[in-house]
Structures are given as C-alpha cells and as structure tokens.
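Source file data-v7.cif; content: mmCIF, C-alpha atoms.
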```
data_work
loop_
_atom_site.label_atom_id
_atom_site.label_comp_id
_atom_site.auth_asym_id
_atom_site.auth_seq_id
_atom_site.Cartn_x
_atom_site.Cartn_y
_atom_site.Cartn_z
CA MET A 1203 3.35 19.63 6.14
CA SER A 1204 5.14 21.51 3.47
CA ILE A 1205 8.88 21.64 4.12
CA ARG A 1206 8.96 24.51 1.66
CA HIS A 1207 6.59 26.61 3.74
CA GLY A 1208 8.16 25.48 7.00
CA LEU A 1209 11.52 26.84 5.83
CA LEU A 1210 9.94 30.08 4.62
CA ALA A 1211 8.28 30.54 8.03
CA LEU A 1212 11.61 30.02 9.77
CA LEU A 1213 13.36 32.46 7.45
CA GLU A 1214 10.68 35.04 8.27
CA ARG A 1215 12.26 35.06 11.75
CA GLY A 1216 15.61 36.05 10.23
CA GLN A 1217 18.54 34.86 8.14
CA MET A 1218 19.64 31.25 8.66
CA TYR A 1219 21.81 28.65 6.98
CA GLY A 1220 20.84 25.03 6.37
CA TYR A 1221 21.82 23.45 9.68
CA GLN A 1222 20.17 26.30 11.62
CA LEU A 1223 16.98 25.80 9.62
CA ARG A 1224 17.00 22.08 10.31
CA ALA A 1225 17.52 22.63 14.06
CA ALA A 1226 14.85 25.35 14.22
CA PHE A 1227 12.36 23.17 12.29
CA GLU A 1228 12.89 20.23 14.62
CA GLU A 1229 12.71 22.46 17.69
CA SER A 1230 9.46 24.03 16.47
CA THR A 1231 7.86 20.64 15.83
CA GLY A 1232 9.30 18.95 18.93
CA SER A 1233 11.37 16.67 16.69
CA THR A 1234 8.17 14.90 15.66
CA TRP A 1235 9.23 15.26 12.02
CA PRO A 1236 13.01 15.01 11.74
CA LEU A 1237 14.43 16.59 8.61
CA ASN A 1238 17.30 15.20 6.62
CA ILE A 1239 19.82 17.97 5.92
CA GLY A 1240 19.69 16.97 2.26
CA GLN A 1241 15.96 17.81 2.24
CA VAL A 1242 16.75 21.24 3.65
CA TYR A 1243 19.35 22.08 1.00
CA THR A 1244 17.29 20.64 -1.85
CA THR A 1245 14.30 22.69 -0.74
CA LEU A 1246 16.45 25.82 -0.36
CA ALA A 1247 17.70 25.35 -3.93
CA ARG A 1248 14.11 25.16 -5.20
CA LEU A 1249 13.07 28.18 -3.16
CA GLU A 1250 16.01 30.11 -4.60
CA ARG A 1251 15.13 28.98 -8.13
CA ASP A 1252 11.55 30.16 -7.58
CA GLY A 1253 12.69 33.54 -6.23
CA LEU A 1254 11.29 32.95 -2.74
CA VAL A 1255 14.65 33.09 -0.91
CA ARG A 1256 18.05 34.50 -1.77
CA PRO A 1257 21.44 33.30 -0.63
CA LEU A 1258 23.70 35.73 1.18
CA PRO A 1259 27.51 35.78 1.15
CA GLU A 1260 29.20 33.07 3.16
CA ASN A 1261 30.01 34.01 6.75
CA GLU A 1262 33.46 33.64 8.31
CA SER A 1263 32.65 30.03 9.23
CA GLY A 1264 31.93 29.15 5.60
CA GLN A 1265 28.15 28.82 5.98
CA ARG A 1266 25.86 30.48 3.46
CA PRO A 1267 22.79 32.00 5.12
CA TYR A 1268 19.53 32.57 3.26
CA GLU A 1269 16.86 35.21 3.62
CA ILE A 1270 13.25 35.31 2.53
CA THR A 1271 12.29 37.59 -0.37
CA ASP A 1272 9.12 39.66 -0.76
CA ALA A 1273 7.79 36.96 -3.11
CA GLY A 1274 8.57 34.40 -0.39
CA ARG A 1275 6.65 36.46 2.17
CA ALA A 1276 3.66 36.64 -0.17
CA ASP A 1277 3.77 32.86 -0.76
CA LEU A 1278 4.03 32.24 2.99
CA ALA A 1279 1.11 34.59 3.74
CA LEU A 1280 -1.01 32.77 1.15
CA TRP A 1281 -0.10 29.41 2.69
CA PHE A 1282 -1.09 30.58 6.18
CA ALA A 1283 -4.38 32.00 4.80
CA THR A 1284 -5.32 28.85 2.85
CA PRO A 1285 -6.93 25.92 4.72
CA ILE A 1286 -5.40 22.48 4.26
CA SER A 1287 -7.68 20.32 2.13
CA ARG A 1288 -8.22 16.68 3.00
CA ALA A 1289 -7.41 15.95 -0.66
CA ASP A 1290 -3.99 17.57 -0.20
CA ARG A 1291 -2.94 15.08 2.45
CA PRO A 1292 -1.10 11.88 1.62
CA ARG A 1293 -3.00 8.64 1.22
CA ASP A 1294 -3.78 6.79 4.41
CA GLU A 1295 -1.57 3.72 4.23
CA LEU A 1296 -3.38 1.94 7.07
CA SER A 1297 -6.81 2.10 5.43
CA ILE A 1298 -5.32 0.93 2.13
CA LYS A 1299 -3.52 -1.91 3.94
CA LEU A 1300 -6.74 -3.11 5.61
CA ALA A 1301 -8.74 -2.86 2.38
CA LEU A 1302 -6.14 -5.01 0.63
CA ALA A 1303 -5.95 -7.43 3.57
CA LEU A 1304 -9.69 -8.02 3.24
CA THR A 1305 -9.32 -9.02 -0.40
CA THR A 1306 -6.05 -10.96 -0.20
CA PRO A 1307 -6.43 -14.70 0.37
CA GLY A 1308 -4.69 -16.09 3.44
CA VAL A 1309 -4.44 -12.80 5.38
CA ASP A 1310 -5.79 -12.80 8.93
CA VAL A 1311 -7.38 -9.35 8.91
CA ARG A 1312 -8.26 -9.48 12.61
CA SER A 1313 -4.59 -10.05 13.38
CA VAL A 1314 -3.61 -7.10 11.18
CA VAL A 1315 -6.09 -4.90 13.08
CA GLN A 1316 -4.91 -6.15 16.49
CA THR A 1317 -1.22 -5.69 15.62
CA GLN A 1318 -1.93 -2.14 14.52
CA ARG A 1319 -4.03 -1.42 17.61
CA THR A 1320 -1.18 -2.55 19.86
CA ALA A 1321 1.32 -0.29 18.06
CA THR A 1322 -1.13 2.63 18.06
CA MET A 1323 -1.81 2.27 21.79
CA ARG A 1324 1.94 2.26 22.49
CA ALA A 1325 2.32 5.44 20.44
CA LEU A 1326 -0.60 7.04 22.29
CA GLN A 1327 0.97 6.21 25.64
CA GLU A 1328 4.32 7.67 24.53
CA PHE A 1329 2.73 10.86 23.17
CA THR A 1330 0.76 11.29 26.40
CA ARG A 1331 3.92 10.79 28.47
CA LEU A 1332 5.78 13.37 26.39
CA LYS A 1333 2.94 15.86 26.80
CA TYR A 1334 3.62 16.16 30.50
CA THR A 1335 7.42 16.53 30.30
CA SER A 1336 7.30 20.32 30.01
CA ASP A 1337 4.85 23.14 30.46
CA LYS A 1338 7.14 26.07 29.69
CA PRO A 1339 5.52 28.78 27.53
CA GLU A 1340 8.23 28.41 24.86
CA ASP A 1341 7.21 24.76 24.42
CA LEU A 1342 3.68 25.68 23.25
CA PRO A 1343 4.38 25.02 19.51
CA TRP A 1344 5.76 21.58 20.34
CA ARG A 1345 2.82 20.80 22.67
CA LEU A 1346 0.30 21.79 19.99
CA VAL A 1347 1.97 19.44 17.49
CA LEU A 1348 1.95 16.73 20.14
CA ASP A 1349 -1.74 17.35 20.90
CA ALA A 1350 -2.55 16.95 17.19
CA MET A 1351 -0.66 13.66 17.16
CA ILE A 1352 -2.55 12.49 20.27
CA PHE A 1353 -5.94 13.36 18.73
CA GLN A 1354 -5.02 11.62 15.45
CA THR A 1355 -3.85 8.54 17.34
CA GLU A 1356 -7.04 8.45 19.43
CA ALA A 1357 -9.07 8.70 16.22
CA GLU A 1358 -7.08 5.80 14.75
CA VAL A 1359 -7.89 3.66 17.81
CA ARG A 1360 -11.61 4.47 17.41
CA TRP A 1361 -11.42 3.63 13.71
CA LEU A 1362 -9.68 0.31 14.47
CA ASP A 1363 -12.48 -0.47 16.96
CA HIS A 1364 -14.97 0.24 14.18
CA CYS A 1365 -13.03 -2.03 11.80
CA GLU A 1366 -13.04 -4.85 14.32
CA THR A 1367 -16.82 -4.50 14.87
CA SER A 1368 -17.37 -4.47 11.11
CA LEU A 1369 -15.25 -7.60 10.71
CA VAL A 1370 -17.44 -9.46 13.22
CA ARG A 1371 -20.49 -8.73 11.02
CA HIS A 1372 -18.64 -9.25 7.73
CA ARG A 1373 -19.39 -12.26 5.57
CA PRO A 1374 -16.67 -12.46 2.97
CA ALA A 1375 -17.86 -12.58 -0.62
CA PRO A 1376 -16.04 -14.92 -2.94
CA ILE A 1377 -13.03 -13.19 -4.44
CA ARG A 1378 -13.25 -13.13 -8.21
CA ALA A 1379 -9.96 -13.51 -9.99
CA VAL A 1380 -9.54 -10.83 -12.63
CA ASP A 1381 -8.00 -13.17 -15.19
CA GLN A 1382 -10.56 -15.99 -14.71
CA PRO A 1383 -13.99 -14.56 -15.66
CA GLU A 1384 -15.09 -17.75 -17.44
CA ALA A 1385 -14.68 -19.94 -14.34
CA VAL A 1386 -16.80 -17.56 -12.29
CA ASP A 1387 -19.42 -17.24 -15.05
CA GLN A 1388 -19.64 -21.06 -15.33
CA ALA A 1389 -20.05 -21.39 -11.58
CA GLY A 1390 -22.79 -18.75 -11.71
CA ASP A 1391 -24.53 -20.58 -14.56
CA GLU A 1392 -24.46 -23.85 -12.57
CA ALA A 1393 -25.84 -22.15 -9.48
CA ARG A 1394 -28.77 -20.73 -11.48
CA ARG A 1395 -29.72 -24.19 -12.86
#
```

Write the structure described by the file as structure tokens, please.
Amino acid sequence: MSIRHGLLALLERGQMYGYQLRAAFEESTGSTWPLNIGQVYTTLARLERDGLVRPLPENESGQRPYEITDAGRADLALWFATPISRADRPRDELSIKLALALTTPGVDVRSVVQTQRTATMRALQEFTRLKYTSDKPEDLPWRLVLDAMIFQTEAEVRWLDHCETSLVRHRPAPIRAVDQPEAVDQAGDEARR
C-alpha cells in the first residue's frame, strides 16, 4: 500500500494534521498496518514538495493541518483507476527464504516449512477471531482488509502444503561451490571414465 496515496485519500475527506492522519489511517485499516508518525510527516513533506498537498496555518493548538490540492486529487484519482501490478508488490521474503534454505548446507528445510506453517496457522486463527468481533456497517473497511489478510494467509498455508509435498519428492542435487569449479569438473571427469 502506498502511504502517499493513503494520506491523499484521507485528506480528500477534509483537512487534517499529522496525528489525525495517522489515527484515521489506522482506523481505516483496522490497525493492520500501524504507521509511525515520522512516516506521516515525511510523506506529508514529500506531498507538499510535489504540490499534492498544501499546509494551512497552525490552529490554536499549534497543529498544522494539510489539505489536498487539485493536483493531489488528480494523482489520487489515477491511483484508484490503476490496477496494482504483481510486479509493484514487494518481494516475497518467505519464498526467497525457502529457496535459499534448499541451497544452504545444514538447513532442515522441512523444519523451516513446519515452523512457518505453525506461525501462519496462528495468524489465520487470530484473523478469523478478529473478523467476528464486530459487524457494524462502519467497520466494513476494516473487515475488507481483514478478509484480504485471511485469504492471503490461507493461500500461504496451501503454498506451504505444496512445498512440503515437493520436498518429499525432491532429490537434492549436489551443490556446486561458485569458487571451486575445478573440483567439480575433476569429479565430473572421473565419473565419466
């Protein structure tokens, strides 16, 4: 998720200062993605630099509210109209971790998979429990975020099942050291004789 566009969407509701934006963001996402207040102010500074928001005079409490500009509205509209590409999402750390575990000597890959499955199942249980804590209409944005997290977690469990099945059929190939090509070539020559 783009914090930049999240803040623009919140400012489309009306003027807000940093702490209000942080609270509104967390409320909208059900606190599934807590924001550091430093992230909020850094992002606001960039949005101001880019002409997408403008600061207003400080209020009597000393807070400086921001408002969205016409350029900010156009950028936000474009963001809402543009689908999220799979290439735009961050790398999947779990798949990278398992790929490296398979090629790192001494790592029990089945244990890595099982440890992850246990943690993923706990998360799935917690997300499911949270889903039924409220059914008020104003909680719909939070429930939709939670549903997405549940579906992603269920998909991860299915993928881990697939990994475990693949590991049962896997016959590890010898790992070739990058800096020792001669030793491997000699072994290959001897095997061909």

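Of the listed residues A:Asp1310, A:Asp1349, A:Glu1340, A:Glu1214, the one whose atoms come nearest to Glu1328 of chain A is A:Asp1349, with distances taken using all atoms listed in the file.
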
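Residue nearest Ser1368 of chain A, chosen from A:Ala1350, A:Leu1210, A:Val1315, A:Val1255 and counting only C-alpha atoms: A:Val1315.
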
With a cut-off of 7 Å, could you pull out the residues of segment 1286-1351 of chain A touching segment 1227-1242 of chain A and give me the nearest pair of atoms for each, distance in Å to one decimal, using only C-alpha atoms, ordered by chain and ascending number, as CSV?
```
residue,atom,partner,partner_atom,distance
A:Pro1343,CA,A:Ser1230,CA,6.0
A:Trp1344,CA,A:Gly1232,CA,4.6
A:Val1347,CA,A:Thr1231,CA,6.2
```

Could you check which of A:Pro1307, A:Leu1369, A:Leu1346, A:Leu1254 is closest to Leu1278 of chain A, using all atoms listed in the file? A:Leu1254

Pairwise distance for atom CA of Leu1212 of chain A and atom CA of Ala1226 of chain A, rounded to one decimal in Å: 7.2 Å

Please provide as a ChimeraX atom specification all residues within 12 Å of Leu1362 of chain A, with the sequence filter that same-chain residues fewer than 5 positions apart are discarded (counting only C-alpha atoms). /A:1296-1297,1300,1311-1323,1355-1357,1367-1369

Quick one: 5 Å padding each side, axis-aligned, all listed atoms of segment 1280-1286 of chain A - centre and edge lengths in Å to one decimal, as AutoDock Vina command-line options?
```
--center_x -3.5 --center_y 27.6 --center_z 3.7 --size_x 16.8 --size_y 20.3 --size_z 15.0
```

Determine the residue membership of the PyMOL selection byres ((chain A and resi 1268) around 12) for the file above and supply it as a PyMOL selection string. chain A and resi 1209-1210+1212-1223+1242-1243+1245-1247+1249-1250+1253-1261+1265-1267+1269-1271+1274

Which is closest to Tyr1334 of chain A among A:His1207, A:Leu1348, A:Arg1224, A:Leu1302, if we use all atoms listed in the file? A:Leu1348
